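*Asks:* File name input.csv; file contents CSV, C-alpha atoms; full text below.
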```csv
chain,number,residue,atom,x,y,z
A,269,MET,CA,186.7,-148.1,39.2
A,270,SER,CA,184.8,-145.0,40.3
A,271,ALA,CA,181.3,-144.7,41.3
A,272,ALA,CA,180.5,-142.7,38.2
A,273,ALA,CA,182.0,-145.3,36.0
A,274,VAL,CA,179.7,-148.0,37.2
A,275,GLY,CA,176.7,-145.8,37.4
A,276,VAL,CA,176.2,-145.6,41.1
A,277,PRO,CA,175.0,-142.4,42.9
A,278,GLY,CA,177.1,-140.6,45.5
A,279,SER,CA,180.6,-139.2,45.7
A,280,PRO,CA,183.2,-141.0,43.7
A,281,ARG,CA,185.8,-140.1,46.4
A,282,ARG,CA,183.6,-141.8,49.0
A,283,TYR,CA,183.1,-144.8,46.8
A,284,LEU,CA,186.8,-145.2,46.2
A,285,HIS,CA,187.5,-144.8,49.9
A,286,SER,CA,185.0,-147.5,50.8
A,287,LEU,CA,186.4,-149.7,48.0
A,288,TRP,CA,189.9,-149.4,49.3
A,289,LEU,CA,188.8,-150.1,52.9
A,290,LEU,CA,187.0,-153.3,51.9
A,291,SER,CA,189.9,-154.5,49.7
A,292,ALA,CA,192.4,-153.7,52.5
A,293,ARG,CA,190.3,-155.7,54.9
A,294,ASP,CA,190.3,-158.7,52.5
A,295,LEU,CA,194.1,-158.5,52.3
A,296,ARG,CA,194.5,-158.3,56.0
A,297,VAL,CA,192.2,-161.2,56.7
A,298,ARG,CA,194.0,-163.3,54.0
A,299,TYR,CA,197.5,-162.6,55.4
A,300,ALA,CA,196.6,-162.6,59.1
A,301,THR,CA,195.1,-166.1,58.9
A,302,SER,CA,198.2,-167.5,57.1
A,303,ALA,CA,201.5,-168.3,58.7
A,304,LEU,CA,203.4,-167.3,55.5
A,305,GLY,CA,201.3,-164.2,54.9
A,306,TYR,CA,202.5,-162.2,51.9
A,307,LEU,CA,204.8,-165.0,50.8
A,308,TRP,CA,201.8,-166.9,49.5
A,309,SER,CA,201.5,-164.2,46.8
A,310,VAL,CA,205.0,-165.2,45.7
A,311,LEU,CA,205.1,-168.9,46.4
A,312,ASP,CA,201.8,-169.9,44.6
A,313,PRO,CA,202.7,-168.6,41.2
A,314,LEU,CA,206.4,-169.5,41.7
A,315,VAL,CA,205.6,-173.2,42.4
A,316,MET,CA,203.1,-173.3,39.5
A,317,SER,CA,205.7,-171.8,37.1
A,318,LEU,CA,208.4,-174.2,38.2
A,319,ILE,CA,206.1,-177.2,37.7
A,320,TYR,CA,205.2,-176.2,34.2
A,321,TRP,CA,208.8,-175.3,33.4
A,322,PHE,CA,210.0,-178.7,34.5
A,323,VAL,CA,207.3,-180.6,32.6
A,324,PHE,CA,207.8,-178.7,29.4
A,325,THR,CA,211.6,-178.4,29.4
A,326,GLN,CA,212.8,-181.6,31.3
A,327,VAL,CA,210.0,-184.1,30.6
A,328,PHE,CA,208.6,-183.2,27.2
A,329,ASP,CA,210.4,-182.0,24.1
A,330,ARG,CA,209.0,-178.4,24.0
A,331,SER,CA,208.3,-176.8,20.7
A,332,VAL,CA,206.4,-173.7,21.9
A,333,GLY,CA,207.2,-170.5,23.6
A,334,GLU,CA,210.5,-168.7,23.8
A,335,GLN,CA,213.7,-168.7,25.8
A,336,PRO,CA,214.1,-168.3,28.7
A,337,TYR,CA,210.9,-170.4,29.0
A,338,ILE,CA,210.5,-169.7,32.7
A,339,VAL,CA,210.1,-166.0,32.0
A,340,PHE,CA,207.8,-166.7,29.1
A,341,LEU,CA,205.6,-168.8,31.5
A,342,ILE,CA,205.6,-166.3,34.3
A,343,THR,CA,204.6,-163.3,32.2
A,344,ALA,CA,201.3,-165.0,31.5
A,345,LEU,CA,200.9,-167.2,34.5
A,346,LEU,CA,200.9,-164.3,37.0
A,347,PRO,CA,198.0,-162.4,35.3
A,348,TRP,CA,196.2,-165.7,34.9
A,349,VAL,CA,196.4,-166.3,38.7
A,350,TRP,CA,194.8,-162.8,39.1
A,351,PHE,CA,192.1,-163.6,36.6
A,352,ASN,CA,191.4,-167.1,37.9
A,353,ALA,CA,191.3,-166.1,41.6
A,354,ALA,CA,189.0,-163.1,40.9
A,355,LEU,CA,186.5,-165.2,38.8
A,356,GLY,CA,186.4,-167.8,41.5
A,357,ASP,CA,185.6,-165.3,44.2
A,358,PHE,CA,183.0,-163.6,42.0
A,359,THR,CA,180.8,-166.7,42.4
A,360,LYS,CA,180.3,-166.0,46.1
A,361,ALA,CA,180.8,-162.2,46.1
A,362,PHE,CA,177.3,-161.5,47.4
A,363,SER,CA,176.3,-164.7,49.2
A,364,LYS,CA,179.4,-164.6,51.3
A,365,ASP,CA,178.5,-161.2,52.8
A,366,ALA,CA,174.7,-161.4,52.2
A,367,ARG,CA,173.8,-159.6,55.4
A,368,LEU,CA,176.1,-156.6,54.7
A,369,VAL,CA,174.9,-156.5,51.1
A,370,ARG,CA,171.3,-156.3,52.2
A,371,SER,CA,171.7,-153.9,55.2
A,372,THR,CA,174.3,-151.4,54.1
A,373,ALA,CA,173.9,-148.4,51.8
A,374,ILE,CA,177.2,-149.2,50.0
A,375,PRO,CA,176.6,-149.5,46.2
A,376,ARG,CA,176.5,-153.2,45.5
A,377,THR,CA,179.0,-152.9,42.6
A,378,ILE,CA,181.7,-152.4,45.3
A,379,TRP,CA,181.4,-156.1,46.3
A,380,VAL,CA,182.7,-157.0,42.8
A,381,ASN,CA,185.2,-154.2,42.5
A,382,ARG,CA,186.8,-155.0,45.8
A,383,ILE,CA,187.7,-158.5,44.6
A,384,VAL,CA,189.2,-157.1,41.4
A,385,LEU,CA,191.3,-154.6,43.5
A,386,SER,CA,192.4,-157.0,46.2
A,387,LYS,CA,193.4,-159.7,43.7
A,388,GLY,CA,195.1,-157.0,41.6
A,389,VAL,CA,197.2,-155.9,44.6
A,390,GLU,CA,198.2,-159.6,45.1
A,391,PHE,CA,199.2,-159.7,41.4
A,392,LEU,CA,201.4,-156.6,42.1
A,393,PHE,CA,202.9,-158.4,45.1
A,394,SER,CA,203.8,-161.4,43.0
A,395,LEU,CA,205.8,-159.3,40.4
A,396,PRO,CA,209.1,-159.8,42.3
A,397,VAL,CA,208.9,-163.4,41.0
A,398,LEU,CA,209.0,-162.1,37.4
A,399,ALA,CA,211.7,-159.5,38.2
A,400,VAL,CA,214.0,-162.1,39.8
A,401,PHE,CA,213.8,-164.5,36.8
A,402,ALA,CA,214.1,-161.7,34.3
A,403,LEU,CA,217.3,-160.5,36.0
A,404,PHE,CA,219.0,-163.9,36.5
A,405,ALA,CA,217.6,-166.2,33.7
A,406,GLY,CA,220.0,-166.3,30.9
A,407,GLY,CA,219.0,-164.7,27.6
A,408,THR,CA,216.4,-162.3,29.0
A,409,SER,CA,216.3,-158.8,27.5
A,410,VAL,CA,213.9,-156.0,28.4
A,411,GLY,CA,212.7,-153.5,25.9
A,412,TRP,CA,210.3,-150.6,25.4
A,413,GLY,CA,207.5,-153.1,25.1
A,414,LEU,CA,207.4,-153.1,28.9
A,415,LEU,CA,205.3,-149.9,28.5
A,416,TRP,CA,202.5,-152.2,27.4
A,417,PHE,CA,202.4,-153.8,30.8
A,418,PRO,CA,200.2,-151.1,32.5
A,419,VAL,CA,197.9,-151.1,29.4
A,420,ALA,CA,197.5,-154.9,29.9
A,421,MET,CA,196.6,-154.3,33.6
A,422,VAL,CA,194.0,-151.7,32.7
A,423,LEU,CA,192.4,-154.0,30.1
A,424,GLN,CA,192.4,-157.0,32.5
A,425,THR,CA,190.8,-154.8,35.2
A,426,MET,CA,188.0,-153.7,32.8
A,427,LEU,CA,187.4,-157.3,31.7
A,428,LEU,CA,187.3,-158.6,35.2
A,429,VAL,CA,184.9,-155.8,36.4
A,430,GLY,CA,182.6,-156.5,33.5
A,431,LEU,CA,182.7,-160.3,34.0
A,432,GLY,CA,182.2,-159.8,37.8
A,433,LEU,CA,179.1,-157.7,37.3
A,434,LEU,CA,177.7,-160.6,35.2
A,435,VAL,CA,178.9,-163.6,37.2
A,436,ALA,CA,178.3,-162.5,40.7
A,437,PRO,CA,174.5,-161.8,40.5
A,438,LEU,CA,173.9,-164.7,38.2
A,439,CYS,CA,175.5,-167.1,40.8
A,440,VAL,CA,173.0,-165.8,43.4
A,441,LEU,CA,170.1,-166.5,41.1
A,442,TRP,CA,171.4,-169.8,39.8
A,443,GLY,CA,173.6,-171.6,42.3
A,444,ASP,CA,174.8,-174.2,39.8
A,445,LEU,CA,176.7,-171.5,37.9
A,446,GLU,CA,179.4,-171.6,40.7
A,447,ARG,CA,180.4,-175.1,39.7
A,448,THR,CA,180.0,-174.3,36.0
A,449,THR,CA,182.4,-171.3,36.4
A,450,ARG,CA,185.0,-173.6,37.9
A,451,LEU,CA,184.8,-176.0,34.9
A,452,ILE,CA,185.0,-173.1,32.4
A,453,LEU,CA,188.1,-171.8,34.2
A,454,ARG,CA,189.8,-175.2,33.9
A,455,ALA,CA,189.2,-175.3,30.2
A,456,LEU,CA,190.1,-171.6,29.7
A,457,PHE,CA,193.6,-172.2,31.2
A,458,TYR,CA,194.5,-174.4,28.3
A,459,ALA,CA,192.6,-172.3,25.8
A,460,SER,CA,194.6,-169.3,26.7
A,461,PRO,CA,198.2,-168.7,25.6
A,462,ILE,CA,200.0,-169.4,28.9
A,463,ILE,CA,202.2,-172.4,28.2
A,464,TYR,CA,202.3,-171.4,24.5
A,465,GLY,CA,202.1,-168.3,22.5
A,466,VAL,CA,199.4,-167.3,20.0
A,467,ASN,CA,201.9,-167.5,17.2
A,468,ASP,CA,202.7,-171.1,18.1
A,469,LEU,CA,199.3,-172.2,17.0
A,470,PRO,CA,198.8,-173.8,13.6
A,471,GLY,CA,196.3,-173.2,10.9
A,472,ILE,CA,193.3,-171.1,11.8
A,473,PHE,CA,193.8,-171.5,15.6
A,474,PRO,CA,195.5,-168.1,16.0
A,475,GLN,CA,192.3,-166.5,14.6
A,476,LEU,CA,190.2,-168.6,17.0
A,477,ALA,CA,192.5,-167.8,19.9
A,478,ALA,CA,192.0,-164.1,19.2
A,479,LEU,CA,188.3,-164.5,20.3
A,480,ASN,CA,189.6,-165.1,23.8
A,481,PRO,CA,190.4,-161.6,25.2
A,482,LEU,CA,193.1,-163.1,27.4
A,483,SER,CA,195.1,-163.8,24.3
A,484,GLY,CA,195.7,-160.2,23.6
A,485,ILE,CA,196.1,-159.2,27.2
A,486,PHE,CA,198.7,-161.9,27.8
A,487,THR,CA,200.5,-160.8,24.6
A,488,LEU,CA,200.8,-157.2,26.0
A,489,PHE,CA,202.2,-158.6,29.3
A,490,ARG,CA,204.9,-160.4,27.3
A,491,MET,CA,205.9,-157.6,25.0
A,492,GLY,CA,208.6,-156.2,27.3
A,493,PHE,CA,210.5,-159.5,27.1
A,494,PHE,CA,209.3,-161.1,23.9
A,495,PRO,CA,208.4,-158.6,21.2
A,496,ASP,CA,208.1,-161.3,18.6
A,497,GLN,CA,204.9,-162.4,20.4
A,498,TRP,CA,203.0,-159.4,19.1
A,499,ASP,CA,199.7,-160.4,17.4
A,500,THR,CA,197.6,-157.4,16.2
A,501,LEU,CA,194.3,-159.3,15.8
A,502,SER,CA,194.5,-160.6,19.4
A,503,VAL,CA,195.4,-157.2,20.9
A,504,VAL,CA,192.7,-155.4,19.0
A,505,THR,CA,190.1,-158.0,19.9
A,506,ALA,CA,191.2,-157.9,23.6
A,507,VAL,CA,190.6,-154.1,23.6
A,508,VAL,CA,187.2,-154.4,22.0
A,509,LEU,CA,186.0,-157.3,24.2
A,510,SER,CA,187.3,-155.7,27.4
A,511,PHE,CA,185.2,-152.5,26.7
A,512,ALA,CA,182.3,-154.7,25.6
A,513,ALA,CA,182.4,-156.8,28.7
A,514,LEU,CA,182.5,-153.8,31.0
A,515,GLY,CA,179.5,-152.1,29.2
A,516,LEU,CA,177.5,-155.3,29.2
A,517,GLY,CA,178.3,-156.0,32.8
A,518,ILE,CA,177.1,-152.6,33.9
A,519,ALA,CA,173.9,-152.8,31.9
A,520,VAL,CA,173.1,-156.4,33.1
A,521,PHE,CA,173.9,-155.7,36.7
A,522,ARG,CA,171.4,-152.8,36.8
A,523,ARG,CA,168.7,-155.1,35.7
A,524,MET,CA,169.6,-158.0,38.0
A,525,GLU,CA,170.4,-156.1,41.1
A,526,ARG,CA,166.8,-156.0,42.5
A,527,PRO,CA,166.0,-159.7,41.8
A,528,MET,CA,169.4,-160.7,43.2
A,529,LEU,CA,168.7,-158.8,46.5
A,530,LYS,CA,165.4,-160.7,46.8
A,531,GLU,CA,167.3,-164.0,46.6
A,532,LEU,CA,169.9,-163.1,49.3
```
Please express what this file holds, its structure, as structure tokens.

*Replies:*
Amino acid sequence: MSAAAVGVPGSPRRYLHSLWLLSARDLRVRYATSALGYLWSVLDPLVMSLIYWFVFTQVFDRSVGEQPYIVFLITALLPWVWFNAALGDFTKAFSKDARLVRSTAIPRTIWVNRIVLSKGVEFLFSLPVLAVFALFAGGTSVGWGLLWFPVAMVLQTMLLVGLGLLVAPLCVLWGDLERTTRLILRALFYASPIIYGVNDLPGIFPQLAALNPLSGIFTLFRMGFFPDQWDTLSVVTAVVLSFAALGLGIAVFRRMERPMLKEL
């Protein structure tokens, strides 16, 4: 996200350079303090996927999703990990580096965008998990729908930036929102089509699910492997809400930036 896109003064090239430096620092710190380093980007979603695969194929009689179910799970679980980790970090984006936020001339939006970027890079690092299961799980076929994958990434980036510009300053002004965000994320996991697809829902629930922008985004992530999962309403709604979240986040952040700095 360029400086111009978020309404900050200065050179877009300088903004992007600073954004990359901060994101790279986050990644180095994360991996340097861990014995397994990069492997955590693979192991975390892999273990989660295997647990849900076992529960919904070996323990319960599954009636949702498609075969191979492990690929069906991973195509939504990997972007969910990106979304969940970013939202969790937004709650302390400014308080964690309060001194730097107050004392440096770096545009404050960068403290949100660096989280989106660093977690997005971790998402890319985890894609070998999807590639391995797509290659070796029986019954997997890859189609032209895979071209929707980068579109889904762009929409999720826009959604995260917009939400981050809302959540991060609000959590400085009202500390209880950090715990509230965690509760919302727990509920949102089951309200999003991760262990099931939008088309698996009965009655009016597919229309209600479309109100969640993650429904359309996860649908696009799945299109390369499961074209039958297409749901026009969910995809169109995801596009509209992603743009709306970004615009709202930019507008609200401009109004809350000064009160937030007073609280830090």

*Asks:* Would you mind telling me which residue in A:Phe404, A:Trp498, A:Phe489, A:Trp442 lies nearest to Leu423 (chain A) when using all atoms listed in the file?

*Replies:*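 So, comparing all the options, the nearest one is A:Phe489.
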
*Asks:* Have a look at CA of Gln326 (chain A) and CA of Pro495 (chain A) and let me know their distance in Å, one decimal.

*Replies:*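 Atom-to-atom, CA of Gln326 (chain A) to CA of Pro495 (chain A), that is 25.5 Å.
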
*Asks:* So, with only C-alpha atoms as the atoms that count, which of A:Leu451, A:Leu529, A:Ile383, A:Val419 lies closest to Val503 (chain A)?

*Replies:* A:Val419

*Asks:* Compile the contact shell of region 425-436 of chain A as number ranges by chain: residues with an atom at most 10 Å away, counting only C-alpha atoms, same-chain residues fewer than 4 positions apart removed.

*Replies:* A: 269, 274, 350-352, 354-363, 376-385, 388, 419-421, 440-441, 445-446, 449, 481-482, 485, 506-507, 509-522, 524-525, 528

*Asks:* Using Å and a single decimal, report how far CA of Glu390 (chain A) sits from CA of Ala292 (chain A).

*Replies:*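 One can read the CA of Ala292 (chain A) to CA of Glu390 (chain A) distance as 11.1 Å.
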
*Asks:* Using only C-alpha atoms, find the one residue out of A:Gly471, A:Gly492, A:Gly484, A:Pro461 that sits nearest to Gly333 (chain A).

*Replies:* A:Pro461

*Asks:* Counting all atoms listed in the file, which residues come within 9 Å of (185.4, -147.7, 47.1), with the point read in the file's coordinates, and could you list them as a PyMOL selection string?

*Replies:* chain A and resi 269-271+280-291+374+378+381-382

*Asks:* Compute the distance from (203.1, -160.7, 33.0) to each atom, counting only C-alpha atoms, keep the residues with any atom at most 7 Å away, and return them as a PyMOL selection string; use the coordinates of the file.

*Replies:* chain A and resi 342-344+346-347+486+489-490

*Asks:* So, with only C-alpha atoms as the atoms that count, which of A:Phe401, A:Trp348, A:Phe393, A:Phe494 lies closest to Ser460 (chain A)?

*Replies:*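 Result for the nearest residue to Ser460 (chain A): A:Trp348.
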
*Asks:* Kindly indicate which residue among A:Asp496, A:Asp294, A:Glu531, A:Glu334 lies nearest to Ser386 (chain A), using only C-alpha atoms for the distances.

*Replies:*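 Residue with the minimum atom-to-atom distance to Ser386 (chain A): A:Asp294.
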
*Asks:* Could you tell me how far CA of Ala459 (chain A) lies from CA of Leu395 (chain A), in Å and to one decimal?

*Replies:*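 We find that CA of Ala459 (chain A) and CA of Leu395 (chain A) lie 23.6 Å from each other.
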
*Asks:* Have a look at A:Leu476, A:Leu341, A:Val332, A:Leu532 and name the one nearest to Leu438 (chain A); count only C-alpha atoms.

*Replies:*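 Among the listed residues, the smallest separation from Leu438 (chain A) belongs to A:Leu532.
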
*Asks:* For region 506-529 of chain A of the block above, can you save N, CA and C atoms as a PDB file, in the first residue's frame?

*Replies:*
```pdb
ATOM      1  N   ALA A 506     -17.828  -9.454  -1.332  1.00  0.00           N
ATOM      2  CA  ALA A 506     -16.456  -9.349  -0.833  1.00  0.00           C
ATOM      3  C   ALA A 506     -15.721  -8.184  -1.490  1.00  0.00           C
ATOM      4  N   VAL A 507     -15.921  -8.020  -2.799  1.00  0.00           N
ATOM      5  CA  VAL A 507     -15.276  -6.907  -3.508  1.00  0.00           C
ATOM      6  C   VAL A 507     -15.771  -5.571  -2.956  1.00  0.00           C
ATOM      7  N   VAL A 508     -17.092  -5.436  -2.824  1.00  0.00           N
ATOM      8  CA  VAL A 508     -17.674  -4.178  -2.349  1.00  0.00           C
ATOM      9  C   VAL A 508     -17.215  -3.876  -0.928  1.00  0.00           C
ATOM     10  N   LEU A 509     -17.279  -4.874  -0.052  1.00  0.00           N
ATOM     11  CA  LEU A 509     -16.931  -4.642   1.351  1.00  0.00           C
ATOM     12  C   LEU A 509     -15.443  -4.411   1.550  1.00  0.00           C
ATOM     13  N   SER A 510     -14.605  -5.019   0.725  1.00  0.00           N
ATOM     14  CA  SER A 510     -13.161  -4.791   0.834  1.00  0.00           C
ATOM     15  C   SER A 510     -12.820  -3.342   0.483  1.00  0.00           C
ATOM     16  N   PHE A 511     -13.416  -2.840  -0.609  1.00  0.00           N
ATOM     17  CA  PHE A 511     -13.199  -1.431  -0.970  1.00  0.00           C
ATOM     18  C   PHE A 511     -13.785  -0.507   0.100  1.00  0.00           C
ATOM     19  N   ALA A 512     -14.967  -0.876   0.605  1.00  0.00           N
ATOM     20  CA  ALA A 512     -15.618  -0.041   1.621  1.00  0.00           C
ATOM     21  C   ALA A 512     -14.804  -0.003   2.904  1.00  0.00           C
ATOM     22  N   ALA A 513     -14.266  -1.153   3.320  1.00  0.00           N
ATOM     23  CA  ALA A 513     -13.457  -1.211   4.537  1.00  0.00           C
ATOM     24  C   ALA A 513     -12.204  -0.362   4.400  1.00  0.00           C
ATOM     25  N   LEU A 514     -11.583  -0.418   3.225  1.00  0.00           N
ATOM     26  CA  LEU A 514     -10.380   0.383   2.996  1.00  0.00           C
ATOM     27  C   LEU A 514     -10.696   1.877   3.052  1.00  0.00           C
ATOM     28  N   GLY A 515     -11.744   2.290   2.369  1.00  0.00           N
ATOM     29  CA  GLY A 515     -12.117   3.702   2.376  1.00  0.00           C
ATOM     30  C   GLY A 515     -12.507   4.187   3.762  1.00  0.00           C
ATOM     31  N   LEU A 516     -13.289   3.381   4.481  1.00  0.00           N
ATOM     32  CA  LEU A 516     -13.702   3.756   5.831  1.00  0.00           C
ATOM     33  C   LEU A 516     -12.504   3.822   6.768  1.00  0.00           C
ATOM     34  N   GLY A 517     -11.592   2.850   6.637  1.00  0.00           N
ATOM     35  CA  GLY A 517     -10.409   2.831   7.490  1.00  0.00           C
ATOM     36  C   GLY A 517      -9.552   4.069   7.309  1.00  0.00           C
ATOM     37  N   ILE A 518      -9.355   4.482   6.061  1.00  0.00           N
ATOM     38  CA  ILE A 518      -8.551   5.679   5.776  1.00  0.00           C
ATOM     39  C   ILE A 518      -9.210   6.915   6.373  1.00  0.00           C
ATOM     40  N   ALA A 519     -10.539   7.048   6.179  1.00  0.00           N
ATOM     41  CA  ALA A 519     -11.249   8.231   6.671  1.00  0.00           C
ATOM     42  C   ALA A 519     -11.236   8.293   8.197  1.00  0.00           C
ATOM     43  N   VAL A 520     -11.492   7.153   8.836  1.00  0.00           N
ATOM     44  CA  VAL A 520     -11.556   7.138  10.295  1.00  0.00           C
ATOM     45  C   VAL A 520     -10.170   7.343  10.901  1.00  0.00           C
ATOM     46  N   PHE A 521      -9.155   6.763  10.301  1.00  0.00           N
ATOM     47  CA  PHE A 521      -7.802   6.907  10.850  1.00  0.00           C
ATOM     48  C   PHE A 521      -7.363   8.368  10.844  1.00  0.00           C
ATOM     49  N   ARG A 522      -7.709   9.096   9.812  1.00  0.00           N
ATOM     50  CA  ARG A 522      -7.343  10.516   9.751  1.00  0.00           C
ATOM     51  C   ARG A 522      -7.949  11.292  10.912  1.00  0.00           C
ATOM     52  N   ARG A 523      -9.135  10.900  11.336  1.00  0.00           N
ATOM     53  CA  ARG A 523      -9.803  11.604  12.427  1.00  0.00           C
ATOM     54  C   ARG A 523      -9.285  11.162  13.790  1.00  0.00           C
ATOM     55  N   MET A 524      -8.849   9.914  13.892  1.00  0.00           N
ATOM     56  CA  MET A 524      -8.449   9.379  15.191  1.00  0.00           C
ATOM     57  C   MET A 524      -6.952   9.454  15.461  1.00  0.00           C
ATOM     58  N   GLU A 525      -6.171   9.809  14.449  1.00  0.00           N
ATOM     59  CA  GLU A 525      -4.727   9.777  14.633  1.00  0.00           C
ATOM     60  C   GLU A 525      -4.259  10.697  15.759  1.00  0.00           C
ATOM     61  N   ARG A 526      -4.739  11.928  15.785  1.00  0.00           N
ATOM     62  CA  ARG A 526      -4.284  12.876  16.825  1.00  0.00           C
ATOM     63  C   ARG A 526      -4.753  12.466  18.220  1.00  0.00           C
ATOM     64  N   PRO A 527      -6.028  12.100  18.434  1.00  0.00           N
ATOM     65  CA  PRO A 527      -6.413  11.625  19.763  1.00  0.00           C
ATOM     66  C   PRO A 527      -5.640  10.385  20.203  1.00  0.00           C
ATOM     67  N   MET A 528      -5.337   9.508  19.252  1.00  0.00           N
ATOM     68  CA  MET A 528      -4.582   8.310  19.575  1.00  0.00           C
ATOM     69  C   MET A 528      -3.185   8.646  20.067  1.00  0.00           C
ATOM     70  N   LEU A 529      -2.512   9.598  19.403  1.00  0.00           N
ATOM     71  CA  LEU A 529      -1.155   9.988  19.804  1.00  0.00           C
ATOM     72  C   LEU A 529      -1.153  10.575  21.201  1.00  0.00           C
TER      73      LEU A 529
END
```
